[in-house]
Amino acid sequence: MSSALSQRINKLQQSDDHRLLRDVNRGIEKESLRVQSDGNIAQTAHPAAFGSALANPHITTDFSEALLEFITPVCQSVDEVLTWLREIHQFSYAGLNGAGATAASRETLWAASMPCILPDDAGIPVARYGSSNIGQMKTAYRLGLGERYGRAMQTIAGVHYNFSFSEAFWAAYQQQCSATGSLQDFKTEQYFHLIRNFRRYSWLLVYLFGASPALCQTFLGHDHHRLSRRGKGTLFSQQGTSLRMGDLGYQSSEQESLYVCYNSLDEYAATLSGALTQSIPNYQRIGTHRDGQRIQLSTSLLQIENEFYSSVRPKRVAHSGEPPLTALMERGVEYIEVRCLDVNPYLPMGIDAEQIRFIDAFLLFCLLEDSPPIPMEECKAIGIDNKTVVNNGRSADAQVHFAGQLITVTKAAKELMSRIEACSGLFDQAKDSSHFSTAWRSQFAKVIGEQALPSAQVLMDLEDFDESYFKFAMHKSRTHAQNFADDPLSSEREQYFNECARQSVEKQAAIEAADNTDFETFLANYYAQ
């Protein structure tokens, strides 16, 4: 353990401030594709039982009309946030198929990150959010993503984990650091401190939780790749971990030249703002309109901030119609969003308590460990490390940059795990439990026995059961669907979610009725902020 990390942990323990870790805030956003009974992507509209995708606080859509996104409220308990996620799943599975659904028309939720059988781009439906200006903007942004990167890439599902420390913790930690200035400025500075270390070491999360080493060939539709082939329809990376996080997933050749600096909020905003105003010839050729319809928001490198596909984001809840970057600049960082997590096909909800607890300890480590500014050269090395772990992380020869040198992934992972162990212990001391240490031991077992990694398990199952990726994921999808059918939602909670759906329809109607400008004026005003 580094001396700085050890000193900060000791200070928290001696002052009893580590008790404030009982109140960290957590939220989950989990995506799942709706698929037909034959495994093809659903072509139906957003189910009426879920209300408005624009306004429902718990069930919305991401890129595609078929890509559901489940959103929990902010919770201070791991069990509470998972209870919310389970209830949203229970409600969604029950409402997915109406009373008149036949065996052929029934839909289910795809259990993996890499998608099901896909048609060509035109057959992948883009999400629709109604006639309001904000609804049109959301749809136009997604149309632009499809024009720029292809729609198939946007059907990939993931789990996003939102995390923040309590105000009481920050106040105590500011005092321990002998930092002056406002509490919000201190929080923002420290969140960027955490984010820089997250970027240095997030390859560990990809290694431990990557669960997408294989995919259906229909996702690519071409042979320009380095993947191995299994049967007619399955492509895979023998030593890979998360194809979702690699060149085949949320990546863009246009964004490869984009350098976003996390050394401070000002530098982050300045570098990201440049991408929002830098017009790109390829996007100019696409244009902003076709046949009278807006097909992308702008011709800039990024249409909006969210188009920057980062593994972690500094976040602040924005007001209606307020750009996320404006909210950050005016009110500082409120929480962080972890975006590098695959949907685990072996888990009914794609994530479980042990994974959450380990991520909590990892994030605390990122805060307490020294985190110097990241120069351009280190930024490049971080990108190389991530690609190495994505494509070849389970190879005994795979290496990453660590402490100024290149060492094997396994050796670097063991060193990181030894540091994270102490942070797991802090959480257990705060909560008078052993759950976090148990979670740490489960992950350490993967480091010393890589066959326990989800990515390794997927490939072993494909081999042992002589299955294609499609059959594997379809089997898991049906198993999870049955799991939730056997465990229905209570009538009281069903009533709550039904009411959320009803109110969301009313809210969307109110938003549409309140618009008093045309869409092009609305969009110009948005960018003027």
# chains A, B, ... in the order shown; residues from 1 in each chain; ligands from 1

call {"tool": "closest_atom_pairs", "arguments": {"of": "region 147-251 of chain A", "to": "region 38-56 of chain A", "cutoff": "12 Å", "atoms": "only C-alpha atoms", "output": "JSON lines"}}
result
{"residue": "A:Ala152", "atom": "CA", "partner": "A:Ile41", "partner_atom": "CA", "distance": 10.8}
{"residue": "A:Thr155", "atom": "CA", "partner": "A:Ile41", "partner_atom": "CA", "distance": 9.2}
{"residue": "A:Ile156", "atom": "CA", "partner": "A:Ile41", "partner_atom": "CA", "distance": 11.7}
{"residue": "A:Cys216", "atom": "CA", "partner": "A:Gly39", "partner_atom": "CA", "distance": 11.1}
{"residue": "A:Thr218", "atom": "CA", "partner": "A:Asn40", "partner_atom": "CA", "distance": 10.5}
{"residue": "A:Phe219", "atom": "CA", "partner": "A:Ile41", "partner_atom": "CA", "distance": 11.5}

call {"tool": "write_last_selection", "arguments": {"atoms": "N, CA, C and O atoms", "output": "PDB file, in the first residue's frame"}}
result
ATOM      1  N   ALA A 152     -26.313  -0.312 -35.241  1.00  0.00           N
ATOM      2  CA  ALA A 152     -26.000  -1.549 -34.512  1.00  0.00           C
ATOM      3  C   ALA A 152     -25.216  -1.257 -33.244  1.00  0.00           C
ATOM      4  O   ALA A 152     -25.479  -1.831 -32.184  1.00  0.00           O
ATOM      5  N   THR A 155     -27.144  -0.510 -30.085  1.00  0.00           N
ATOM      6  CA  THR A 155     -28.013  -1.508 -29.449  1.00  0.00           C
ATOM      7  C   THR A 155     -27.307  -2.253 -28.324  1.00  0.00           C
ATOM      8  O   THR A 155     -27.899  -3.121 -27.678  1.00  0.00           O
ATOM      9  N   ILE A 156     -26.040  -1.934 -28.097  1.00  0.00           N
ATOM     10  CA  ILE A 156     -25.288  -2.570 -27.015  1.00  0.00           C
ATOM     11  C   ILE A 156     -25.836  -2.090 -25.672  1.00  0.00           C
ATOM     12  O   ILE A 156     -26.119  -0.904 -25.491  1.00  0.00           O
ATOM     13  N   CYS A 216     -22.848 -12.027 -31.803  1.00  0.00           N
ATOM     14  CA  CYS A 216     -23.515 -12.569 -32.988  1.00  0.00           C
ATOM     15  C   CYS A 216     -22.964 -11.873 -34.228  1.00  0.00           C
ATOM     16  O   CYS A 216     -22.791 -10.649 -34.235  1.00  0.00           O
ATOM     17  N   THR A 218     -24.242 -11.020 -36.864  1.00  0.00           N
ATOM     18  CA  THR A 218     -25.106 -10.000 -37.457  1.00  0.00           C
ATOM     19  C   THR A 218     -24.799  -8.608 -36.905  1.00  0.00           C
ATOM     20  O   THR A 218     -25.178  -7.603 -37.513  1.00  0.00           O
ATOM     21  N   PHE A 219     -24.105  -8.541 -35.775  1.00  0.00           N
ATOM     22  CA  PHE A 219     -23.725  -7.240 -35.221  1.00  0.00           C
ATOM     23  C   PHE A 219     -22.739  -6.524 -36.133  1.00  0.00           C
ATOM     24  O   PHE A 219     -22.756  -5.302 -36.242  1.00  0.00           O
TER      25      PHE A 219
END

call {"tool": "closest_atom_pairs", "arguments": {"of": "region 310-349 of chain A", "to": "region 272-286 of chain A", "cutoff": "12 Å", "atoms": "only C-alpha atoms", "output": "JSON lines"}}
result
{"residue": "A:Ser310", "atom": "CA", "partner": "A:Leu272", "partner_atom": "CA", "distance": 11.6}
{"residue": "A:Arg313", "atom": "CA", "partner": "A:Leu272", "partner_atom": "CA", "distance": 11.8}
{"residue": "A:Pro323", "atom": "CA", "partner": "A:Ser273", "partner_atom": "CA", "distance": 11.2}
{"residue": "A:Pro324", "atom": "CA", "partner": "A:Ser273", "partner_atom": "CA", "distance": 11.2}
{"residue": "A:Leu325", "atom": "CA", "partner": "A:Ser273", "partner_atom": "CA", "distance": 8.3}
{"residue": "A:Thr326", "atom": "CA", "partner": "A:Ser273", "partner_atom": "CA", "distance": 10.2}
{"residue": "A:Met329", "atom": "CA", "partner": "A:Ser273", "partner_atom": "CA", "distance": 11.4}

call {"tool": "write_last_selection", "arguments": {"atoms": "N, CA, C and O atoms", "output": "short mmCIF file (atom, residue, chain, number, x, y, z; two decimals), in the first residue's frame"}}
result
data_model
loop_
_atom_site.label_atom_id
_atom_site.label_comp_id
_atom_site.auth_asym_id
_atom_site.auth_seq_id
_atom_site.Cartn_x
_atom_site.Cartn_y
_atom_site.Cartn_z
N SER A 310 -17.13 7.98 -22.71
CA SER A 310 -16.13 7.82 -21.66
C SER A 310 -16.55 6.71 -20.70
O SER A 310 -17.73 6.41 -20.55
N ARG A 313 -18.00 9.55 -15.96
CA ARG A 313 -18.40 10.94 -16.19
C ARG A 313 -18.61 11.67 -14.87
O ARG A 313 -19.21 11.11 -13.95
N PRO A 323 -27.95 22.25 -20.63
CA PRO A 323 -26.87 21.34 -21.02
C PRO A 323 -26.12 20.81 -19.79
O PRO A 323 -25.89 21.56 -18.83
N PRO A 324 -25.73 19.54 -19.81
CA PRO A 324 -25.00 18.98 -18.66
C PRO A 324 -23.75 19.75 -18.30
O PRO A 324 -23.43 19.91 -17.12
N LEU A 325 -23.02 20.24 -19.30
CA LEU A 325 -21.78 20.96 -19.03
C LEU A 325 -22.06 22.29 -18.35
O LEU A 325 -21.30 22.73 -17.48
N THR A 326 -23.15 22.93 -18.71
CA THR A 326 -23.54 24.18 -18.05
C THR A 326 -23.85 23.93 -16.58
O THR A 326 -23.43 24.69 -15.70
N MET A 329 -20.54 23.45 -14.70
CA MET A 329 -19.76 24.67 -14.54
C MET A 329 -20.40 25.61 -13.52
O MET A 329 -19.70 26.30 -12.77
#

call {"tool": "residues_around", "arguments": {"residues": "region 478-484 of chain A", "least_positions_apart": "6", "cutoff": "9 Å", "atoms": "only C-alpha atoms", "output": "number ranges by chain"}}
result
A: 86, 89-90, 93-94, 108-111, 346-349

call {"tool": "write_last_selection", "arguments": {"atoms": "C-alpha atoms", "output": "mmCIF file, in the first residue's frame"}}
result
data_model
loop_
_atom_site.group_PDB
_atom_site.id
_atom_site.type_symbol
_atom_site.label_atom_id
_atom_site.label_comp_id
_atom_site.auth_asym_id
_atom_site.auth_seq_id
_atom_site.Cartn_x
_atom_site.Cartn_y
_atom_site.Cartn_z
ATOM 1 C CA ARG A 86 -35.600 -6.066 -9.052
ATOM 2 C CA HIS A 89 -37.633 -5.786 -13.680
ATOM 3 C CA GLN A 90 -40.651 -7.550 -12.175
ATOM 4 C CA TYR A 93 -41.529 -8.423 -17.437
ATOM 5 C CA ALA A 94 -45.190 -8.499 -16.403
ATOM 6 C CA THR A 108 -38.441 -10.937 -23.497
ATOM 7 C CA LEU A 109 -35.377 -9.022 -22.318
ATOM 8 C CA TRP A 110 -31.975 -9.909 -23.758
ATOM 9 C CA ALA A 111 -29.660 -11.064 -20.969
ATOM 10 C CA TYR A 346 -25.470 -15.023 -15.405
ATOM 11 C CA LEU A 347 -27.294 -12.576 -13.124
ATOM 12 C CA PRO A 348 -31.058 -11.925 -13.458
ATOM 13 C CA MET A 349 -30.548 -8.163 -13.126
#

call {"tool": "select_by_dssp", "arguments": {"residues": "region 101-177 of chain A", "states": "strand (DSSP E)", "output": "list in words"}}
result
Glu107, Thr108, Leu109, Val159, His160, Tyr161, Asn162, Phe163 and Ser164 of chain A

call {"tool": "write_last_selection", "arguments": {"atoms": "N, CA, C and O atoms", "output": "PDB file, in the first residue's frame"}}
result
ATOM      1  N   GLU A 107     -42.471 -11.115 -26.175  1.00  0.00           N
ATOM      2  CA  GLU A 107     -41.133 -10.546 -26.118  1.00  0.00           C
ATOM      3  C   GLU A 107     -40.484 -10.863 -24.776  1.00  0.00           C
ATOM      4  O   GLU A 107     -41.163 -11.164 -23.790  1.00  0.00           O
ATOM      5  N   THR A 108     -39.171 -10.780 -24.746  1.00  0.00           N
ATOM      6  CA  THR A 108     -38.441 -10.937 -23.497  1.00  0.00           C
ATOM      7  C   THR A 108     -37.280  -9.952 -23.506  1.00  0.00           C
ATOM      8  O   THR A 108     -37.078  -9.207 -24.466  1.00  0.00           O
ATOM      9  N   LEU A 109     -36.523  -9.920 -22.432  1.00  0.00           N
ATOM     10  CA  LEU A 109     -35.377  -9.022 -22.318  1.00  0.00           C
ATOM     11  C   LEU A 109     -34.096  -9.807 -22.561  1.00  0.00           C
ATOM     12  O   LEU A 109     -33.883 -10.870 -21.975  1.00  0.00           O
ATOM     13  N   VAL A 159     -24.500  -1.458 -17.904  1.00  0.00           N
ATOM     14  CA  VAL A 159     -24.976  -1.045 -16.584  1.00  0.00           C
ATOM     15  C   VAL A 159     -24.193   0.194 -16.192  1.00  0.00           C
ATOM     16  O   VAL A 159     -22.959   0.185 -16.209  1.00  0.00           O
ATOM     17  N   HIS A 160     -24.894   1.259 -15.860  1.00  0.00           N
ATOM     18  CA  HIS A 160     -24.255   2.485 -15.386  1.00  0.00           C
ATOM     19  C   HIS A 160     -24.503   2.611 -13.889  1.00  0.00           C
ATOM     20  O   HIS A 160     -25.640   2.450 -13.431  1.00  0.00           O
ATOM     21  N   TYR A 161     -23.434   2.883 -13.163  1.00  0.00           N
ATOM     22  CA  TYR A 161     -23.506   2.944 -11.698  1.00  0.00           C
ATOM     23  C   TYR A 161     -23.187   4.360 -11.242  1.00  0.00           C
ATOM     24  O   TYR A 161     -22.100   4.879 -11.504  1.00  0.00           O
ATOM     25  N   ASN A 162     -24.158   4.986 -10.588  1.00  0.00           N
ATOM     26  CA  ASN A 162     -23.996   6.351 -10.098  1.00  0.00           C
ATOM     27  C   ASN A 162     -23.628   6.324  -8.614  1.00  0.00           C
ATOM     28  O   ASN A 162     -24.239   5.600  -7.828  1.00  0.00           O
ATOM     29  N   PHE A 163     -22.654   7.151  -8.239  1.00  0.00           N
ATOM     30  CA  PHE A 163     -22.079   7.060  -6.898  1.00  0.00           C
ATOM     31  C   PHE A 163     -21.700   8.453  -6.392  1.00  0.00           C
ATOM     32  O   PHE A 163     -21.170   9.276  -7.150  1.00  0.00           O
ATOM     33  N   SER A 164     -21.978   8.692  -5.121  1.00  0.00           N
ATOM     34  CA  SER A 164     -21.492   9.921  -4.489  1.00  0.00           C
ATOM     35  C   SER A 164     -21.317   9.691  -2.999  1.00  0.00           C
ATOM     36  O   SER A 164     -22.006   8.867  -2.385  1.00  0.00           O
TER      37      SER A 164
END

call {"tool": "residues_around", "arguments": {"residues": "Tyr268 (chain A)", "least_positions_apart": "5", "cutoff": "12 Å", "atoms": "only C-alpha atoms", "output": "PyMOL selection string"}}
result
chain A and resi 188-189+192+195-196+258-263+273-275+305+313-314+325+328-329+332-333+374

call {"tool": "residues_around", "arguments": {"residues": "Gly404 (chain A)", "least_positions_apart": "4", "cutoff": "12 Å", "atoms": "only C-alpha atoms", "output": "ChimeraX atom specification"}}
result
/A:200,377-378,381,400,412

call {"tool": "closest_atom_pairs", "arguments": {"of": "region 427-495 of chain A", "to": "region 236-246 of chain A", "cutoff": "12 Å", "atoms": "only C-alpha atoms", "output": "tab-separated table"}}
result
residue	atom	partner	partner_atom	distance
A:Glu450	CA	A:Gln239	CA	10.5
A:Gln451	CA	A:Gln239	CA	11.0
A:Leu453	CA	A:Thr241	CA	8.5
A:Pro454	CA	A:Thr241	CA	8.1
A:Ser455	CA	A:Thr241	CA	5.1
A:Ala456	CA	A:Thr241	CA	7.7
A:Gln457	CA	A:Thr241	CA	10.4
A:Val458	CA	A:Thr241	CA	9.8
A:Leu459	CA	A:Gln238	CA	7.6
A:Met460	CA	A:Gln238	CA	10.1
A:Leu462	CA	A:Phe236	CA	10.1
A:Glu463	CA	A:Gln238	CA	11.3
A:Ser468	CA	A:Phe236	CA	10.3
A:Tyr469	CA	A:Phe236	CA	8.8

call {"tool": "write_last_selection", "arguments": {"atoms": "N, CA, C and O atoms", "output": "compact mmCIF listing (two decimals), in the first residue's frame"}}
result
# COMPACT_ATOMS: atom_id res chain seq x y z
N GLU A 450 -8.27 -17.18 -13.14
CA GLU A 450 -8.98 -16.40 -14.14
C GLU A 450 -10.17 -17.13 -14.77
O GLU A 450 -11.01 -16.51 -15.40
N GLN A 451 -10.29 -18.42 -14.56
CA GLN A 451 -11.44 -19.13 -15.10
C GLN A 451 -12.75 -18.72 -14.42
O GLN A 451 -13.84 -18.99 -14.93
N LEU A 453 -13.57 -15.61 -14.06
CA LEU A 453 -13.99 -14.36 -14.66
C LEU A 453 -15.23 -14.60 -15.54
O LEU A 453 -15.32 -15.62 -16.22
N PRO A 454 -16.20 -13.68 -15.53
CA PRO A 454 -17.40 -13.86 -16.37
C PRO A 454 -17.06 -14.09 -17.84
O PRO A 454 -17.69 -14.91 -18.51
N SER A 455 -16.05 -13.38 -18.36
CA SER A 455 -15.68 -13.55 -19.77
C SER A 455 -15.20 -14.96 -20.04
O SER A 455 -15.50 -15.56 -21.08
N ALA A 456 -14.43 -15.52 -19.10
CA ALA A 456 -13.96 -16.90 -19.26
C ALA A 456 -15.12 -17.89 -19.17
O ALA A 456 -15.18 -18.88 -19.91
N GLN A 457 -16.06 -17.62 -18.26
CA GLN A 457 -17.20 -18.51 -18.09
C GLN A 457 -18.06 -18.55 -19.36
O GLN A 457 -18.53 -19.62 -19.76
N VAL A 458 -18.25 -17.40 -19.99
CA VAL A 458 -19.04 -17.36 -21.21
C VAL A 458 -18.41 -18.26 -22.28
O VAL A 458 -19.08 -19.09 -22.90
N LEU A 459 -17.11 -18.11 -22.49
CA LEU A 459 -16.45 -18.90 -23.52
C LEU A 459 -16.42 -20.38 -23.18
O LEU A 459 -16.56 -21.24 -24.06
N MET A 460 -16.27 -20.69 -21.89
CA MET A 460 -16.30 -22.10 -21.50
C MET A 460 -17.67 -22.71 -21.75
O MET A 460 -17.79 -23.85 -22.19
N LEU A 462 -19.86 -21.72 -24.03
CA LEU A 462 -20.01 -21.90 -25.47
C LEU A 462 -19.34 -23.19 -25.93
O LEU A 462 -19.85 -23.91 -26.79
N GLU A 463 -18.18 -23.49 -25.33
CA GLU A 463 -17.43 -24.69 -25.70
C GLU A 463 -18.08 -25.94 -25.11
O GLU A 463 -18.32 -26.93 -25.82
N SER A 468 -23.90 -21.65 -29.87
CA SER A 468 -23.59 -20.37 -30.47
C SER A 468 -23.81 -19.28 -29.43
O SER A 468 -24.47 -19.51 -28.40
N TYR A 469 -23.28 -18.10 -29.69
CA TYR A 469 -23.54 -16.98 -28.78
C TYR A 469 -25.04 -16.73 -28.69
O TYR A 469 -25.57 -16.48 -27.60

call {"tool": "atom_distance", "arguments": {"atom1": "CA of Asp428 (chain A)", "atom2": "CA of Arg26 (chain A)"}}
result
16.8 Å
